[in-house]
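Text of the file start_20.csv, holding CSV, C-alpha atoms and all ligand atoms:
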```csv
chain,number,residue,atom,x,y,z
A,1,MET,CA,24.5,-3.2,-1.3
A,2,PRO,CA,22.6,-0.7,-3.4
A,3,THR,CA,19.1,0.3,-2.1
A,4,VAL,CA,16.0,-0.4,-4.1
A,5,VAL,CA,12.8,1.4,-2.9
A,6,VAL,CA,9.5,0.3,-4.3
A,7,LEU,CA,6.4,2.5,-4.1
A,8,SER,CA,3.4,0.2,-4.6
A,9,GLY,CA,-0.3,0.9,-5.0
A,10,ALA,CA,-3.5,-1.0,-5.7
A,11,GLY,CA,-2.4,-2.2,-9.2
A,12,MET,CA,0.3,-4.3,-7.4
A,13,SER,CA,-2.4,-6.6,-6.0
A,14,ALA,CA,-4.8,-6.4,-8.9
A,15,GLU,CA,-3.6,-9.7,-10.3
A,16,SER,CA,-4.1,-11.3,-6.9
A,17,GLY,CA,-7.8,-10.5,-7.3
A,18,ILE,CA,-8.1,-7.2,-5.3
A,19,LYS,CA,-9.7,-4.4,-7.2
A,20,THR,CA,-8.0,-1.1,-7.7
A,21,PHE,CA,-9.7,2.1,-6.7
A,22,ARG,CA,-9.7,4.4,-9.7
A,23,ASP,CA,-10.4,1.7,-12.2
A,24,SER,CA,-13.7,1.2,-10.3
A,25,ASN,CA,-15.0,4.7,-10.8
A,26,GLY,CA,-13.9,5.9,-7.4
A,27,LEU,CA,-15.6,3.0,-5.7
A,28,TRP,CA,-14.0,0.7,-3.3
A,29,GLU,CA,-15.7,-2.7,-3.7
A,30,ASN,CA,-19.0,-0.9,-4.7
A,31,HIS,CA,-18.8,1.7,-1.8
A,32,ASP,CA,-18.1,5.3,-2.2
A,33,ILE,CA,-14.5,5.8,-0.9
A,34,MET,CA,-15.5,8.8,1.3
A,35,THR,CA,-18.2,6.6,3.0
A,36,VAL,CA,-15.7,3.9,4.0
A,37,ALA,CA,-12.4,5.6,4.1
A,38,SER,CA,-12.8,9.0,5.7
A,39,MET,CA,-13.2,10.4,9.2
A,40,GLU,CA,-16.6,11.8,8.2
A,41,GLY,CA,-17.7,8.3,7.0
A,42,TRP,CA,-16.6,6.8,10.3
A,43,TYR,CA,-18.5,9.4,12.4
A,44,LYS,CA,-21.6,9.0,10.3
A,45,ASN,CA,-21.9,5.2,10.2
A,46,PRO,CA,-19.2,3.4,12.2
A,47,GLU,CA,-21.2,0.1,12.0
A,48,LEU,CA,-21.1,0.1,8.2
A,49,VAL,CA,-17.4,1.1,8.1
A,50,THR,CA,-16.5,-1.7,10.6
A,51,GLU,CA,-18.5,-4.2,8.5
A,52,PHE,CA,-16.8,-3.0,5.3
A,53,TYR,CA,-13.3,-3.8,6.8
A,54,ASN,CA,-14.5,-7.1,8.1
A,55,GLN,CA,-15.4,-8.0,4.5
A,56,ARG,CA,-12.0,-6.8,3.2
A,57,ARG,CA,-10.2,-8.9,5.8
A,58,ALA,CA,-12.3,-12.0,4.8
A,59,GLN,CA,-11.5,-11.3,1.1
A,60,LEU,CA,-7.8,-10.9,2.0
A,61,ALA,CA,-7.7,-14.4,3.5
A,62,GLU,CA,-8.9,-15.8,0.2
A,63,VAL,CA,-6.2,-14.3,-2.1
A,64,GLU,CA,-2.5,-15.0,-2.6
A,65,PRO,CA,0.6,-12.9,-3.5
A,66,ASN,CA,1.2,-12.8,-7.3
A,67,ALA,CA,4.4,-13.2,-9.3
A,68,GLY,CA,5.1,-9.4,-8.8
A,69,HIS,CA,5.1,-9.7,-5.0
A,70,ILE,CA,7.3,-12.8,-5.1
A,71,ALA,CA,9.8,-11.2,-7.5
A,72,LEU,CA,10.4,-8.3,-5.1
A,73,LYS,CA,11.3,-10.8,-2.3
A,74,HIS,CA,14.1,-12.2,-4.6
A,75,LEU,CA,15.6,-8.7,-5.0
A,76,GLU,CA,16.7,-9.0,-1.3
A,77,SER,CA,19.6,-11.3,-2.3
A,78,ALA,CA,21.5,-8.5,-4.0
A,79,TYR,CA,19.8,-5.3,-2.9
A,80,ARG,CA,18.7,-3.7,0.3
A,81,THR,CA,15.1,-3.7,-0.6
A,82,VAL,CA,12.4,-1.4,1.0
A,83,ILE,CA,8.8,-1.5,0.0
A,84,ILE,CA,6.7,1.5,0.7
A,85,THR,CA,3.1,0.5,0.0
A,86,GLN,CA,-0.2,2.4,-0.1
A,87,ASN,CA,-1.9,-1.0,0.1
A,88,VAL,CA,-3.6,-2.2,3.3
A,89,ASP,CA,-3.3,-5.8,2.3
A,90,ASP,CA,-0.5,-8.1,3.6
A,91,LEU,CA,0.5,-9.6,0.3
A,92,HIS,CA,4.1,-8.2,0.3
A,93,GLU,CA,4.5,-9.8,3.8
A,94,ARG,CA,3.1,-13.1,2.6
A,95,ALA,CA,5.5,-13.1,-0.3
A,96,GLY,CA,8.3,-12.9,2.2
A,97,SER,CA,9.5,-9.3,1.8
A,98,LYS,CA,11.2,-8.1,5.0
A,99,HIS,CA,11.2,-4.3,5.1
A,100,ILE,CA,7.7,-2.9,4.4
A,101,VAL,CA,6.3,0.5,5.3
A,102,HIS,CA,2.5,0.7,5.2
A,103,LEU,CA,1.6,4.3,4.4
A,104,HIS,CA,-2.1,3.8,4.6
A,105,GLY,CA,-2.4,1.3,7.4
A,106,GLU,CA,-3.0,-2.5,7.6
A,107,LEU,CA,-6.2,-4.5,7.3
A,108,THR,CA,-5.0,-7.2,9.7
A,109,LYS,CA,-4.6,-4.7,12.6
A,110,MET,CA,-7.0,-2.6,14.6
A,111,ARG,CA,-6.2,0.3,16.9
A,112,SER,CA,-7.8,2.1,19.9
A,113,THR,CA,-10.0,5.0,19.0
A,114,GLN,CA,-8.5,6.7,22.0
A,115,TYR,CA,-4.8,5.9,22.0
A,116,GLN,CA,-3.4,6.0,18.4
A,117,SER,CA,-0.3,4.0,19.3
A,118,ASP,CA,-2.3,1.0,20.8
A,119,VAL,CA,-2.4,-1.2,17.7
A,120,TYR,CA,-3.6,-4.8,17.8
A,121,GLU,CA,-3.1,-7.7,15.4
A,122,VAL,CA,-6.5,-9.2,14.5
A,123,GLY,CA,-5.5,-11.4,11.5
A,124,TYR,CA,-8.4,-12.1,9.2
A,125,ASP,CA,-10.9,-12.2,12.0
A,126,GLU,CA,-14.3,-10.6,12.0
A,127,LYS,CA,-14.5,-7.9,14.7
A,128,PRO,CA,-18.0,-6.5,15.1
A,129,TYR,CA,-18.6,-2.8,15.9
A,130,GLY,CA,-18.2,-2.3,19.6
A,131,THR,CA,-15.2,-4.6,20.1
A,132,LEU,CA,-13.0,-3.2,22.8
A,133,CYS,CA,-9.3,-3.3,23.2
A,134,PRO,CA,-7.8,-4.9,26.4
A,135,LYS,CA,-7.8,-1.4,28.0
A,136,GLY,CA,-11.5,-1.1,27.4
A,137,THR,CA,-11.5,1.5,24.6
A,138,LEU,CA,-13.4,1.1,21.2
A,139,LEU,CA,-11.4,-0.5,18.4
A,140,ARG,CA,-11.4,0.9,14.9
A,141,PRO,CA,-9.7,-0.3,11.7
A,142,HIS,CA,-5.9,0.5,11.5
A,143,ILE,CA,-6.4,2.4,8.3
A,144,VAL,CA,-5.3,5.9,7.4
A,145,TRP,CA,-8.5,7.5,6.2
A,146,PHE,CA,-8.9,10.7,4.2
A,147,GLY,CA,-8.7,13.6,6.6
A,148,GLU,CA,-6.0,11.9,8.8
A,149,ALA,CA,-2.3,12.4,9.0
A,150,VAL,CA,0.0,9.8,7.4
A,151,PRO,CA,2.3,8.9,10.4
A,152,MET,CA,4.8,6.9,8.3
A,153,MET,CA,5.4,9.7,5.8
A,154,ASP,CA,8.6,11.0,7.4
A,155,GLU,CA,10.1,7.5,7.5
A,156,ALA,CA,9.1,7.0,3.8
A,157,ILE,CA,10.7,10.3,2.8
A,158,LYS,CA,14.0,9.3,4.5
A,159,LEU,CA,14.0,5.9,2.8
A,160,THR,CA,13.2,7.4,-0.6
A,161,GLN,CA,16.2,9.7,-0.3
A,162,GLU,CA,18.4,6.7,0.2
A,163,ALA,CA,17.2,5.0,-3.0
A,164,ASP,CA,19.7,4.1,-5.8
A,165,ILE,CA,16.7,2.6,-7.7
A,166,PHE,CA,13.1,3.7,-7.3
A,167,ILE,CA,10.3,1.5,-8.7
A,168,ILE,CA,6.8,2.9,-8.8
A,169,VAL,CA,4.3,0.1,-9.5
A,170,GLY,CA,0.5,0.0,-9.7
A,171,THR,CA,-0.4,3.5,-8.4
A,172,SER,CA,-2.2,6.3,-10.1
A,173,LEU,CA,-0.1,8.8,-8.1
A,174,GLU,CA,-3.3,10.7,-7.4
A,175,VAL,CA,-3.3,10.6,-3.6
A,176,TYR,CA,-1.0,12.8,-1.6
A,177,PRO,CA,1.3,12.9,0.3
A,178,ALA,CA,2.2,9.4,-1.0
A,179,ALA,CA,2.3,10.6,-4.7
A,180,GLY,CA,4.8,13.3,-3.8
A,181,LEU,CA,7.4,10.8,-2.6
A,182,VAL,CA,9.0,10.5,-6.0
A,183,ASP,CA,10.1,14.1,-5.7
A,184,TYR,CA,12.4,13.1,-2.9
A,185,THR,CA,14.5,10.8,-5.0
A,186,ARG,CA,18.1,11.8,-5.6
A,187,SER,CA,19.1,13.1,-9.1
A,188,ASP,CA,21.3,10.0,-9.7
A,189,CYS,CA,18.5,7.6,-8.7
A,190,LYS,CA,17.3,5.3,-11.5
A,191,LYS,CA,13.5,5.4,-11.7
A,192,PHE,CA,11.0,2.9,-13.2
A,193,LEU,CA,7.2,3.1,-13.5
A,194,ILE,CA,5.2,-0.1,-14.1
A,195,ASP,CA,1.6,0.4,-15.1
A,196,PRO,CA,-0.3,-1.2,-18.0
A,197,ASN,CA,-2.5,1.9,-18.5
A,198,ARG,CA,-0.1,4.8,-18.2
A,199,HIS,CA,2.4,5.6,-20.8
A,200,SER,CA,4.0,9.0,-21.2
A,201,GLU,CA,1.9,11.3,-19.2
A,202,LEU,CA,4.4,11.4,-16.3
A,203,LYS,CA,7.0,13.8,-17.2
A,204,MET,CA,9.9,13.0,-15.0
A,205,PRO,CA,13.5,13.2,-16.1
A,206,GLY,CA,15.1,9.7,-16.5
A,207,LEU,CA,11.9,7.9,-15.7
A,208,ARG,CA,11.6,4.6,-17.6
A,209,VAL,CA,8.0,3.6,-18.1
A,210,ILE,CA,7.1,-0.1,-18.5
A,211,SER,CA,3.6,-0.4,-19.8
A,212,ASP,CA,2.8,-3.8,-18.4
A,213,THR,CA,1.3,-5.4,-15.4
A,214,ALA,CA,3.0,-5.9,-12.0
A,215,ALA,CA,2.9,-9.7,-12.3
A,216,LYS,CA,4.5,-9.6,-15.7
A,217,ALA,CA,6.9,-6.7,-15.5
A,218,LEU,CA,8.3,-7.1,-12.0
A,219,PRO,CA,9.8,-10.6,-12.5
A,220,ALA,CA,11.5,-9.3,-15.7
A,221,LEU,CA,12.8,-6.1,-14.1
A,222,VAL,CA,14.0,-8.0,-11.0
A,223,ASN,CA,15.9,-10.5,-13.2
A,224,GLN,CA,17.6,-7.6,-15.0
A,225,LEU,CA,18.5,-5.9,-11.7
A,226,LEU,CA,19.9,-9.1,-10.3
A,227,ALA,CA,22.0,-9.7,-13.4
A,228,GLU,CA,23.4,-6.2,-13.1
A,229,GLN,CA,24.7,-7.1,-9.6
A,230,ALA,CA,26.0,-10.6,-10.5
A,301,LIG,N1,-0.3,-4.0,-12.6
A,301,LIG,C1,0.1,-2.8,-12.4
A,301,LIG,N2,-0.6,-1.7,-12.4
A,301,LIG,C2,-2.0,-1.8,-12.5
A,301,LIG,C3,-2.5,-3.1,-12.8
A,301,LIG,C4,-1.7,-4.2,-12.8
A,301,LIG,N3,-2.1,-5.5,-13.0
A,301,LIG,N4,-3.9,-2.9,-12.9
A,301,LIG,C5,-4.2,-1.6,-12.7
A,301,LIG,N5,-3.0,-0.9,-12.5
A,301,LIG,C6,-2.8,0.5,-12.3
A,301,LIG,C7,-3.9,1.4,-12.8
A,301,LIG,O1,-3.7,1.7,-14.2
A,301,LIG,C8,-3.7,2.6,-11.9
A,301,LIG,O2,-2.8,3.6,-12.5
A,301,LIG,O3,-2.8,0.7,-10.9
A,301,LIG,C9,-3.2,2.0,-10.6
A,301,LIG,C10,-4.1,2.0,-9.5
A,301,LIG,O4,-4.4,3.3,-9.1
A,301,LIG,P1,-5.5,3.6,-7.9
A,301,LIG,O5,-6.7,2.7,-8.1
A,301,LIG,O6,-5.7,5.0,-7.9
A,301,LIG,O7,-4.7,3.0,-6.6
A,301,LIG,P2,-3.7,3.8,-5.7
A,301,LIG,O8,-2.8,4.7,-6.5
A,301,LIG,O9,-3.0,2.7,-4.9
A,301,LIG,O10,-4.6,4.6,-4.8
A,301,LIG,C11,-4.0,5.4,-3.8
A,301,LIG,O11,-6.1,6.1,-2.8
A,301,LIG,O12,-8.2,5.5,-2.2
A,301,LIG,C12,-6.9,5.7,-1.8
A,301,LIG,O13,-5.9,5.0,0.2
A,301,LIG,C13,-6.3,4.6,-1.0
A,301,LIG,O14,-4.1,3.7,-1.0
A,301,LIG,C14,-5.1,4.2,-1.9
A,301,LIG,C15,-4.8,5.5,-2.5
```
Let me see whether you can do it: turn the structure in this file into structure tokens.
Ligand code: APR
Amino acid sequence: MPTVVVLSGAGMSAESGIKTFRDSNGLWENHDIMTVASMEGWYKNPELVTEFYNQRRAQLAEVEPNAGHIALKHLESAYRTVIITQNVDDLHERAGSKHIVHLHGELTKMRSTQYQSDVYEVGYDEKPYGTLCPKGTLLRPHIVWFGEAVPMMDEAIKLTQEADIFIIVGTSLEVYPAAGLVDYTRSDCKKFLIDPNRHSELKMPGLRVISDTAAKALPALVNQLLAEQA
């Protein structure tokens, strides 16, 4: 089976009702990104940061995967399909995709502030600041904040190198190291970019730009790819 690797960003979930970052003037749901998504922000006001992620979790419980998420699940019938997402939502999982790498963490998990690898499933529950893990250490959101390493990056690079087809969808490609992943694709890899607001500014040899939304363009592209394998 050929391998499809998808790199998704905030635009992937826009049609599910979750706002993108850079279309909101650098604000994340009316908060400055550095206040709620950086180590500095956490040290300055951990109560506010905790409450912010409680709200994001509650919001996530109210939204559903869109036609784009669902289309990607169908790719699995003919392609080894890997989704590398910058999104912290669980909409790819809820659409049924099996192999998902979360580069920037997951809203439905928290981890120990002391032991990085102690990660706990919390679902959509509210967890007030001060909640402790079973070992007695303070829990924090399981989110990769600005100023932190991206632990899944090596795995994402390895998977990108294995791609026969690489689909970039709903990301401004402004945040590194995620934005640099595309440079690891092989020269014979077919590359697509789906974004309604970006046209030709990405100069990448062989890149096919589809200027449409994820929920419209992905079902069509997936149908085309499935027909090629039939
Ligand atoms: N379908 C596809 N793309 C869309 C849609 C849609 N319906 N709506 C908007 N977009 C595009 C925008 O044109 C933009 O290029 O999605 C992109 C969203 O870009 P950003 O808001 O910058 O989101 P993203 O690239 O995921 O941000 C990367 O930045 O703040 C950090 O950690 C955060 O993971 C995030 C990272």
Please report, as a tab-separated table, each residue of chain A lying at most 9 Å from ligand LIG 301 (chain A), together with the nearest pair of atoms and the separation in Å rounded to one decimal; use only C-alpha atoms and all ligand atoms, and order rows by chain and ascending residue number.
```
residue	atom	partner	partner_atom	distance
A:Ser8	CA	A:LIG301	O9	6.9
A:Gly9	CA	A:LIG301	O9	3.2
A:Ala10	CA	A:LIG301	O9	3.8
A:Gly11	CA	A:LIG301	C2	3.3
A:Met12	CA	A:LIG301	C1	5.2
A:Ser13	CA	A:LIG301	N3	7.1
A:Ala14	CA	A:LIG301	N3	5.0
A:Glu15	CA	A:LIG301	N3	5.2
A:Ser16	CA	A:LIG301	N3	8.7
A:Lys19	CA	A:LIG301	O5	7.8
A:Thr20	CA	A:LIG301	O5	4.0
A:Phe21	CA	A:LIG301	O5	3.4
A:Arg22	CA	A:LIG301	O5	3.8
A:Asp23	CA	A:LIG301	O5	5.6
A:Ser24	CA	A:LIG301	O5	7.5
A:Asn25	CA	A:LIG301	O5	9.0
A:Gly26	CA	A:LIG301	O12	7.7
A:Leu27	CA	A:LIG301	O12	8.6
A:Trp28	CA	A:LIG301	O12	7.6
A:Ile33	CA	A:LIG301	O12	6.4
A:Met34	CA	A:LIG301	O12	8.7
A:Ala37	CA	A:LIG301	O12	7.6
A:Gly68	CA	A:LIG301	N1	8.5
A:Thr85	CA	A:LIG301	O14	7.9
A:Gln86	CA	A:LIG301	O14	4.2
A:Asn87	CA	A:LIG301	O14	5.3
A:Val88	CA	A:LIG301	O14	7.3
A:Leu103	CA	A:LIG301	O14	7.9
A:His104	CA	A:LIG301	O13	5.9
A:Gly105	CA	A:LIG301	O13	8.8
A:Ile143	CA	A:LIG301	O13	8.5
A:Val144	CA	A:LIG301	O13	7.3
A:Trp145	CA	A:LIG301	O13	7.0
A:Phe146	CA	A:LIG301	O13	7.6
A:Val169	CA	A:LIG301	C1	5.9
A:Gly170	CA	A:LIG301	N2	3.4
A:Thr171	CA	A:LIG301	O8	3.3
A:Ser172	CA	A:LIG301	O2	3.7
A:Leu173	CA	A:LIG301	O8	5.2
A:Glu174	CA	A:LIG301	O8	6.1
A:Val175	CA	A:LIG301	C11	5.3
A:Tyr176	CA	A:LIG301	C15	8.3
A:Ala178	CA	A:LIG301	C11	7.9
A:Ala179	CA	A:LIG301	O8	8.0
A:Ile194	CA	A:LIG301	C1	6.0
A:Asp195	CA	A:LIG301	N2	4.1
A:Pro196	CA	A:LIG301	N2	5.6
A:Asn197	CA	A:LIG301	O1	4.5
A:Arg198	CA	A:LIG301	O1	6.2
A:Ser211	CA	A:LIG301	C1	8.5
A:Asp212	CA	A:LIG301	N1	6.6
A:Thr213	CA	A:LIG301	N1	3.5
A:Ala214	CA	A:LIG301	N1	3.9
A:Ala215	CA	A:LIG301	N1	6.5
A:Lys216	CA	A:LIG301	N1	8.0
A:Ala217	CA	A:LIG301	N1	8.2
```
d(atom CA of Leu225 of chain A, atom CA of Ser97 of chain A) in Å: 16.6 Å
Ranking A:Val119, A:Val222, A:Met204, A:Ile167 by minimum distance to Arg140 of chain A and counting all atoms listed in the file, which one comes first?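 Looking only at the distances to Arg140 of chain A, the closest residue turns out to be A:Val119.
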Of A:Arg56, A:His31, A:His102, A:His74, the one sitting nearest Glu155 of chain A when using all atoms listed in the file is A:His102
Residue among A:Pro205, A:Glu76, A:Ala156, A:Thr81 lying closest to Ser187 of chain A, counting only C-alpha atoms: A:Pro205
With distances taken over all atoms listed in the file, which of A:His92, A:Lys98, A:His69, A:Arg186 is nearest to Lys158 of chain A?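 Ranking A:His92, A:Lys98, A:His69, A:Arg186 by distance to Lys158 of chain A, first place goes to A:Arg186.
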Could you please determine the separation between atom CA of Val63 of chain A and atom CA of Glu93 of chain A in Å, to one decimal place? 13.0 Å
